[in-house]
Amino acid sequence: MKWAGALAVLGLLALPLALSSYALTIFIFIFFYAFLGQAWNIVGGYAGQLSAGHAAFVGIGGYTAAMLSIEHGVTPWIGMFAGAVLAGLLGALIGFLGFRFGLRGFYFVLLTVAFAEVCRILVSNIDAVGGALGLYITFTGNPRHFQFQDQRAYYYIAFALMLFATGVAALIERRRFGMYLRAIREDETAAEAAGVDAFRYKMLAMVVSSSLTGLGGSFYAFYLFSLQPSTVFGIPLSVEIIIRPIIGGAGTLVGPILGSFILTPLGELSRHYLGQSGLHGAHLVAYGLLLIAVVLFLPNGAYPWLRARLARAGRAT
Amino acid sequence: MALLDVRGLSRRFGGLQAVRDLSFSVGEREIVALIGPNGAGKTTVFSLLSGFLAPDSGDVHLGGQSIVGRKPHAVCALGLARTFQIVRPFPKLTVLENVLIGALVRHPHRRDAEAHARGVLDEVGLAGKASQPAGTLTLSERKRLELSRALATEPRLLLLDEVMAGLNSTEVERTLDLVRAINARGIAVLLIEHVMRAVMSLASRIVVLNYGERIAEGRPDEIASDRRVIEAYLGEPDVDAAVP
């Protein structure tokens with residue numbers, strides 16, 4: 001498994017040499033959404049606290065870095081960390097309200113959606129941050145402004161983000177923190193009886209997850225040169241973040257990455273080809289069908305199923 | 001001073017006085033049984049002691065320290081561990097990982113915790129199932145897993161809630177031996193049990209609850225012949241109805 005991972009990393013490092021610019025774009029999105037999925041996975045997958053408002057953290061992170069850059073000339077390389085801190089603070093607030101008052105299951109989902117919606121509506125109505133039109137970033141192609149003439153730079157940054165989030169999740173997974181998160185997901189009451197401070201560890205998971213996600217907001221802003229409240233704070237982006245780890249296998253390291261390799265090309269291609277023939281939103285139908293299939297046939301996601309198949313094949317030989 | 005000292009504990013749920021002015025104690029290394037008819041408030045007492053419920057009034061001391069108002073994980077860290085009547089394993093975690101969760105309280109490093117958890121599994125006889133998901137265990141194994149997880153937190157006082165219910169007589173014997181062995185290591189035990197054979201052979205003292213109140217306390221032989229206890233379990237003798 002370690003071997004396969006190292007080989008895949010090497011392969012992906014060399015890959016841009018052989019890619020067209022369109023294929024490069026798809027890979028950038030694969031990595032970026034795998035990164036967001038992995039960040040979500042920490043609180044949603046391992047700890048089982050289904051945040052459906054993670055777009056809010058992308059938005060906060062992106063707006064913070066963009067505003068600092070546009071208004072104060074602060075380089076996004078610093079602004080992205082400011083965005084991560086603010087996203088972490090919002091995560092702490094949502095986590096505190098949800099966990100302190102014992103909101104579980106659907107109630108926590110609703111709380112997170114509500115916060116993301118409030119952010120969207122607030123930002124849409126504050127003219128100082130661009131209102132409903134959002135923010136536009138002038139392209140300079142200057143690396144100091146987190147902008148690059150060469151697409152491949154974005155490829156490697158997105159790849160690094162994905163590896164970074166996966167590294168963080170891996171560190172958490174094998175420590176006490178990770179074990180405690182899994183215990184909380186399985187049975188919070190039993191975990192507390194066994195000495196787990198559920199509130200504290202859920203808060204930690206939420207803060208780590210939201211600040212990582214906030215980091216991604218800067219990438220989003222400076223790769224696409226624009227931020228609209230309806231896209232970066234909107235429910236569709238939250239769904240994009242959640243659906244990859246769930247399809248790939250929530251609470252596993254490989255799940256969000258595998259999920260993104262399955263869904264991102266599917267989404268892109270169906271948007272590209274079906275959208276051209278006038279079938280806008282057809283990729284959402286594809287998502288829906290895939291989600292139904294996964295829930296019905298692979299309730300733990302694609303990766304746990306694949307791992308079990310490989311283990312069985314390994315034993316048979 | 002006793003290891004566990006309960007004074008005037010009361011808890012009401014709406015119109016129901018679940019526990020009323022309850023006082024009792026458990027000494028170091030002692031095994032005490034809490035018995036009573038269904039609905040007498042035994043499990044509520046466990047929840048009050050372990051921090052899952054807050055009492056309306058009364059005080060609980062563990063090793064001289066008040067534990068009232070503390071959260072479950074804090075109570076656990078102070079040395080009181082409980083099991084649940086309806087077992088609550090982490091079904092998707094392996095048996096070893098289940099016990100590991102308990103062991104991590106005193107051994108923050110995973111390797112140490114794992115070694116300790118394996119020791120506990122050996123002791124309870126689940127070592128052979130270590131890598132199996134807990135969801136695949138039989139009821140009797142799950143009951144032992146429940147006990148193992150609590151034991152792995154290295155408590156001074158272990159609260160066992162009907163760990164023998166639903167077991168066959170061989171399994172009951174095995175659990176009796178296990179509880180004795182745990183007690184011999186210096187861990188005090190407070191147990192709720194309906195299996196009277198277990199209660200009589202294990203406990204040095206028995207506390208009897210009915211309608212949330214203590215109606216008797218004493219040695220097993222005293223309790224077995226106590227008129228109030230017999231009435232609580234079998235009902236008061238109704239002279240008129242007994243005449244044909």
# chains A, B, ... in the order shown; residues from 1 in each chain; ligands from 1
>>> interface_residues(of="chain B", to="chain A", cutoff="10 Å", atoms="only C-alpha atoms", output="CSV table (one decimal) with N, CA and C atoms, in the first residue's frame")
chain,number,residue,atom,x,y,z
B,50,SER,N,-21.7,8.2,37.5
B,50,SER,CA,-20.7,8.3,36.5
B,50,SER,C,-20.8,9.6,35.7
B,51,GLY,N,-21.6,10.6,36.1
B,51,GLY,CA,-21.6,11.9,35.5
B,51,GLY,C,-22.5,12.0,34.2
B,52,PHE,N,-23.3,11.0,33.9
B,52,PHE,CA,-24.2,11.1,32.7
B,52,PHE,C,-25.4,11.9,33.1
B,71,LYS,N,-18.1,15.9,34.3
B,71,LYS,CA,-18.5,15.2,33.1
B,71,LYS,C,-18.0,13.7,33.2
B,72,PRO,N,-18.7,12.9,32.4
B,72,PRO,CA,-18.3,11.4,32.4
B,72,PRO,C,-16.8,11.2,32.2
B,73,HIS,N,-16.2,11.9,31.2
B,73,HIS,CA,-14.8,11.6,31.0
B,73,HIS,C,-13.9,12.0,32.2
B,74,ALA,N,-14.3,13.0,32.9
B,74,ALA,CA,-13.6,13.5,34.1
B,74,ALA,C,-13.7,12.5,35.2
B,75,VAL,N,-14.9,12.0,35.4
B,75,VAL,CA,-15.2,11.0,36.4
B,75,VAL,C,-14.4,9.7,36.1
B,76,CYS,N,-14.3,9.4,34.8
B,76,CYS,CA,-13.5,8.2,34.4
B,76,CYS,C,-12.1,8.4,34.7
B,77,ALA,N,-11.6,9.6,34.5
B,77,ALA,CA,-10.2,9.9,34.7
B,77,ALA,C,-9.9,9.8,36.2
B,78,LEU,N,-10.9,10.1,37.1
B,78,LEU,CA,-10.6,10.0,38.5
B,78,LEU,C,-10.7,8.6,39.0
B,79,GLY,N,-11.1,7.7,38.1
B,79,GLY,CA,-11.0,6.3,38.6
B,79,GLY,C,-12.3,5.6,38.7
B,80,LEU,N,-13.4,6.1,38.1
B,80,LEU,CA,-14.7,5.4,38.2
B,80,LEU,C,-15.1,5.0,36.8
B,81,ALA,N,-15.2,3.7,36.5
B,81,ALA,CA,-15.6,3.3,35.1
B,81,ALA,C,-16.9,2.5,35.2
B,82,ARG,N,-17.7,2.7,34.2
B,82,ARG,CA,-19.0,2.0,34.2
B,82,ARG,C,-19.2,1.2,32.9
B,83,THR,N,-20.1,0.2,33.0
B,83,THR,CA,-20.5,-0.5,31.8
B,83,THR,C,-22.0,-0.2,31.6
B,84,PHE,N,-22.5,-0.5,30.4
B,84,PHE,CA,-23.9,-0.2,30.1
B,84,PHE,C,-24.7,-1.5,30.1
B,87,VAL,N,-25.3,-3.3,26.0
B,87,VAL,CA,-23.9,-3.1,25.7
B,87,VAL,C,-23.7,-2.1,24.5
B,88,ARG,N,-22.7,-1.3,24.6
B,88,ARG,CA,-22.5,-0.3,23.5
B,88,ARG,C,-21.1,-0.4,23.0
B,89,PRO,N,-20.8,-1.5,22.2
B,89,PRO,CA,-19.4,-1.6,21.6
B,89,PRO,C,-19.4,-0.6,20.5
B,90,PHE,N,-18.1,-0.2,20.0
B,90,PHE,CA,-18.0,0.5,18.8
B,90,PHE,C,-17.9,-0.5,17.7
B,91,PRO,N,-19.1,-0.7,17.0
B,91,PRO,CA,-19.2,-1.9,16.2
B,91,PRO,C,-18.2,-2.0,15.0
B,92,LYS,N,-17.8,-0.9,14.4
B,92,LYS,CA,-16.9,-1.0,13.3
B,92,LYS,C,-15.4,-1.0,13.7
B,93,LEU,N,-15.2,-0.8,15.0
B,93,LEU,CA,-13.8,-0.9,15.4
B,93,LEU,C,-13.5,-2.4,15.8
B,97,GLU,N,-9.2,-2.4,19.2
B,97,GLU,CA,-9.4,-1.0,19.2
B,97,GLU,C,-10.4,-0.5,20.2
B,98,ASN,N,-11.5,-1.3,20.4
B,98,ASN,CA,-12.5,-1.0,21.4
B,98,ASN,C,-11.8,-0.8,22.8
B,99,VAL,N,-11.0,-1.8,23.1
B,99,VAL,CA,-10.4,-1.8,24.4
B,99,VAL,C,-9.3,-0.7,24.5
B,100,LEU,N,-8.7,-0.5,23.3
B,100,LEU,CA,-7.6,0.6,23.2
B,100,LEU,C,-8.2,1.9,23.6
B,101,ILE,N,-9.4,2.2,23.2
B,101,ILE,CA,-10.0,3.5,23.5
B,101,ILE,C,-10.0,3.7,25.0
B,102,GLY,N,-10.4,2.7,25.8
B,102,GLY,CA,-10.3,2.8,27.2
B,102,GLY,C,-8.9,3.0,27.7
B,103,ALA,N,-8.0,2.2,27.1
B,103,ALA,CA,-6.6,2.2,27.6
B,103,ALA,C,-5.9,3.6,27.4
B,104,LEU,N,-6.3,4.3,26.4
B,104,LEU,CA,-5.7,5.6,26.0
B,104,LEU,C,-5.9,6.6,27.1
B,105,VAL,N,-6.8,6.4,28.0
B,105,VAL,CA,-7.0,7.4,29.1
B,105,VAL,C,-5.7,7.5,29.9
B,106,ARG,N,-5.1,6.4,30.2
B,106,ARG,CA,-3.9,6.4,31.1
B,106,ARG,C,-2.6,6.3,30.3
B,107,HIS,N,-2.8,5.9,29.0
B,107,HIS,CA,-1.6,5.7,28.2
B,107,HIS,C,-1.7,6.5,26.9
B,108,PRO,N,-1.4,7.7,26.9
B,108,PRO,CA,-1.7,8.6,25.7
B,108,PRO,C,-1.0,8.1,24.5
B,109,HIS,N,0.1,7.4,24.6
B,109,HIS,CA,0.8,6.9,23.4
B,109,HIS,C,0.2,5.6,23.0
B,110,ARG,N,0.0,5.5,21.7
B,110,ARG,CA,-0.8,4.4,21.2
B,110,ARG,C,-0.1,3.1,21.5
B,111,ARG,N,1.2,3.0,21.4
B,111,ARG,CA,1.9,1.7,21.5
B,111,ARG,C,1.7,1.2,23.0
B,113,ALA,N,-0.6,2.0,25.0
B,113,ALA,CA,-2.1,1.7,25.2
B,113,ALA,C,-2.4,0.4,24.6
B,146,GLU,N,-17.5,-5.1,26.8
B,146,GLU,CA,-18.0,-4.0,27.5
B,146,GLU,C,-17.2,-3.8,28.8
B,149,ARG,N,-13.5,-2.8,28.1
B,149,ARG,CA,-13.2,-1.4,27.8
B,149,ARG,C,-13.2,-0.6,29.1
B,150,ALA,N,-14.1,-0.9,30.0
B,150,ALA,CA,-14.2,-0.2,31.3
B,150,ALA,C,-12.9,-0.5,32.1
B,151,LEU,N,-12.5,-1.8,32.1
B,151,LEU,CA,-11.4,-2.2,32.9
B,151,LEU,C,-10.1,-1.6,32.4
B,152,ALA,N,-10.0,-1.4,31.0
B,152,ALA,CA,-8.8,-0.8,30.4
B,152,ALA,C,-8.6,0.6,30.9
B,153,THR,N,-9.6,1.3,31.4
B,153,THR,CA,-9.4,2.7,31.9
B,153,THR,C,-8.7,2.6,33.3
>>> residues_around(residues="Thr44 (chain B)", least_positions_apart="3", cutoff="8 Å", atoms="only C-alpha atoms", output="PyMOL selection string")
chain B and resi 18-19+41+47-48+53
>>> write_last_selection(atoms="N, CA and C atoms", output="PDB file, in the first residue's frame")
ATOM      1  N   ALA B  18     -37.074   9.386  40.789  1.00  0.00           N
ATOM      2  CA  ALA B  18     -36.348   8.175  40.390  1.00  0.00           C
ATOM      3  C   ALA B  18     -35.402   7.700  41.488  1.00  0.00           C
ATOM      4  N   VAL B  19     -34.766   8.651  42.166  1.00  0.00           N
ATOM      5  CA  VAL B  19     -33.874   8.310  43.281  1.00  0.00           C
ATOM      6  C   VAL B  19     -34.177   9.308  44.403  1.00  0.00           C
ATOM      7  N   GLY B  41     -34.708   2.221  40.046  1.00  0.00           N
ATOM      8  CA  GLY B  41     -33.804   3.370  39.956  1.00  0.00           C
ATOM      9  C   GLY B  41     -32.334   3.004  39.966  1.00  0.00           C
ATOM     10  N   SER B  47     -25.993   6.238  36.433  1.00  0.00           N
ATOM     11  CA  SER B  47     -25.811   7.427  35.598  1.00  0.00           C
ATOM     12  C   SER B  47     -25.465   8.644  36.441  1.00  0.00           C
ATOM     13  N   LEU B  48     -26.025   8.707  37.645  1.00  0.00           N
ATOM     14  CA  LEU B  48     -25.706   9.826  38.546  1.00  0.00           C
ATOM     15  C   LEU B  48     -24.262   9.732  39.025  1.00  0.00           C
ATOM     16  N   LEU B  53     -25.767  11.887  34.397  1.00  0.00           N
ATOM     17  CA  LEU B  53     -26.906  12.673  34.881  1.00  0.00           C
ATOM     18  C   LEU B  53     -26.425  13.489  36.069  1.00  0.00           C
TER      19      LEU B  53
END
>>> closest_residue(among="B:Pro155, B:Gly36, B:Gly135, B:Gly69", to="Glu217 (chain B)", atoms="only C-alpha atoms")
B:Gly36
>>> closest_residue(among="A:Ala23, A:Leu266, A:Ala302, A:Ile28", to="Val285 (chain A)", atoms="only C-alpha atoms")
A:Leu266
>>> select_by_dssp(residues="region 14-121 of chain B", states="alpha helix (DSSP H)", output="number ranges by chain")
B: 42-49, 72-77, 95-103, 110-121
>>> residues_around(residues="region 54-71 of chain A", least_positions_apart="5", cutoff="6 Å", atoms="only C-alpha atoms", output="PDB file with C-alpha atoms, in the first residue's frame")
ATOM      1  CA  PRO A  76      -1.890  35.959  -0.694  1.00  0.00           C
ATOM      2  CA  GLY A  79      -3.295  36.208   3.334  1.00  0.00           C
ATOM      3  CA  MET A  80      -4.100  32.539   2.907  1.00  0.00           C
ATOM      4  CA  GLY A  83      -7.996  33.266   5.888  1.00  0.00           C
ATOM      5  CA  ALA A  84      -7.291  29.911   7.505  1.00  0.00           C
ATOM      6  CA  ALA A  87     -12.155  30.115   8.931  1.00  0.00           C
ATOM      7  CA  ALA A 116     -23.101  29.030   5.525  1.00  0.00           C
ATOM      8  CA  SER A 210     -12.316  24.447   8.980  1.00  0.00           C
ATOM      9  CA  THR A 213     -10.666  24.364   4.262  1.00  0.00           C
ATOM     10  CA  GLY A 214     -10.070  28.103   4.672  1.00  0.00           C
ATOM     11  CA  LEU A 215      -6.575  27.650   3.306  1.00  0.00           C
ATOM     12  CA  GLY A 217     -10.310  29.357  -0.240  1.00  0.00           C
ATOM     13  CA  SER A 218      -7.254  31.393  -1.244  1.00  0.00           C
ATOM     14  CA  ALA A 221      -9.801  32.884  -5.374  1.00  0.00           C
ATOM     15  CA  VAL A 232     -18.107  30.187  -2.654  1.00  0.00           C
ATOM     16  CA  PHE A 233     -20.662  30.272   0.164  1.00  0.00           C
ATOM     17  CA  LEU A 237     -20.057  23.924  -3.179  1.00  0.00           C
ATOM     18  CA  SER A 238     -20.742  22.333   0.227  1.00  0.00           C
TER      19      SER A 238
END
>>> atom_distance(atom1="CA of Phe261 (chain A)", atom2="CA of Ala34 (chain A)")
8.0 Å
>>> atom_distance(atom1="CA of Ile172 (chain A)", atom2="CA of Leu93 (chain A)")
21.9 Å
>>> residues_around(residues="region 241-256 of chain A", least_positions_apart="3", cutoff="6 Å", atoms="only C-alpha atoms", output="list in words")
Ala34, Leu36, Gly37, Gln38, Gly45, Tyr46, Ser238, Gly259, Ser260, Asn300, Gly301, Ala302 and Tyr303 of chain A
>>> atom_distance(atom1="CA of Gly218 (chain B)", atom2="CA of Gly27 (chain B)")
13.8 Å
>>> select_by_dssp(residues="region 80-213 of chain B", states="strand (DSSP E or B)", output="list of chain:residue names")
B:Leu80, B:Ala81, B:Arg82, B:Thr94, B:Pro133, B:Leu157, B:Leu158, B:Leu159, B:Leu160, B:Asp161, B:Ala188, B:Val189, B:Leu190, B:Leu191, B:Ile192, B:Arg205, B:Ile206, B:Val207, B:Val208, B:Leu209, B:Asn210, B:Glu213
>>> residues_around(residues="Ser230 (chain A)", least_positions_apart="4", cutoff="12 Å", atoms="only C-alpha atoms", output="MDAnalysis selection string")
chainID A and resid 55:56 59 116:125 131:135 226 234:238
>>> residues_around(residues="Asn210 (chain B)", least_positions_apart="4", cutoff="12 Å", atoms="only C-alpha atoms", output="JSON, numbers by chain")
{"B": [17, 18, 19, 20, 22, 34, 35, 36, 37, 38, 39, 40, 41, 42, 214, 215, 216, 217, 228, 229, 230, 231, 232, 233, 235]}
>>> residues_around(residues="Arg100 (chain A)", least_positions_apart="3", cutoff="12 Å", atoms="only C-alpha atoms", output="NGL selection string")
:A and (92-97 or 103-104 or 108 or 197-200 or 202-203)
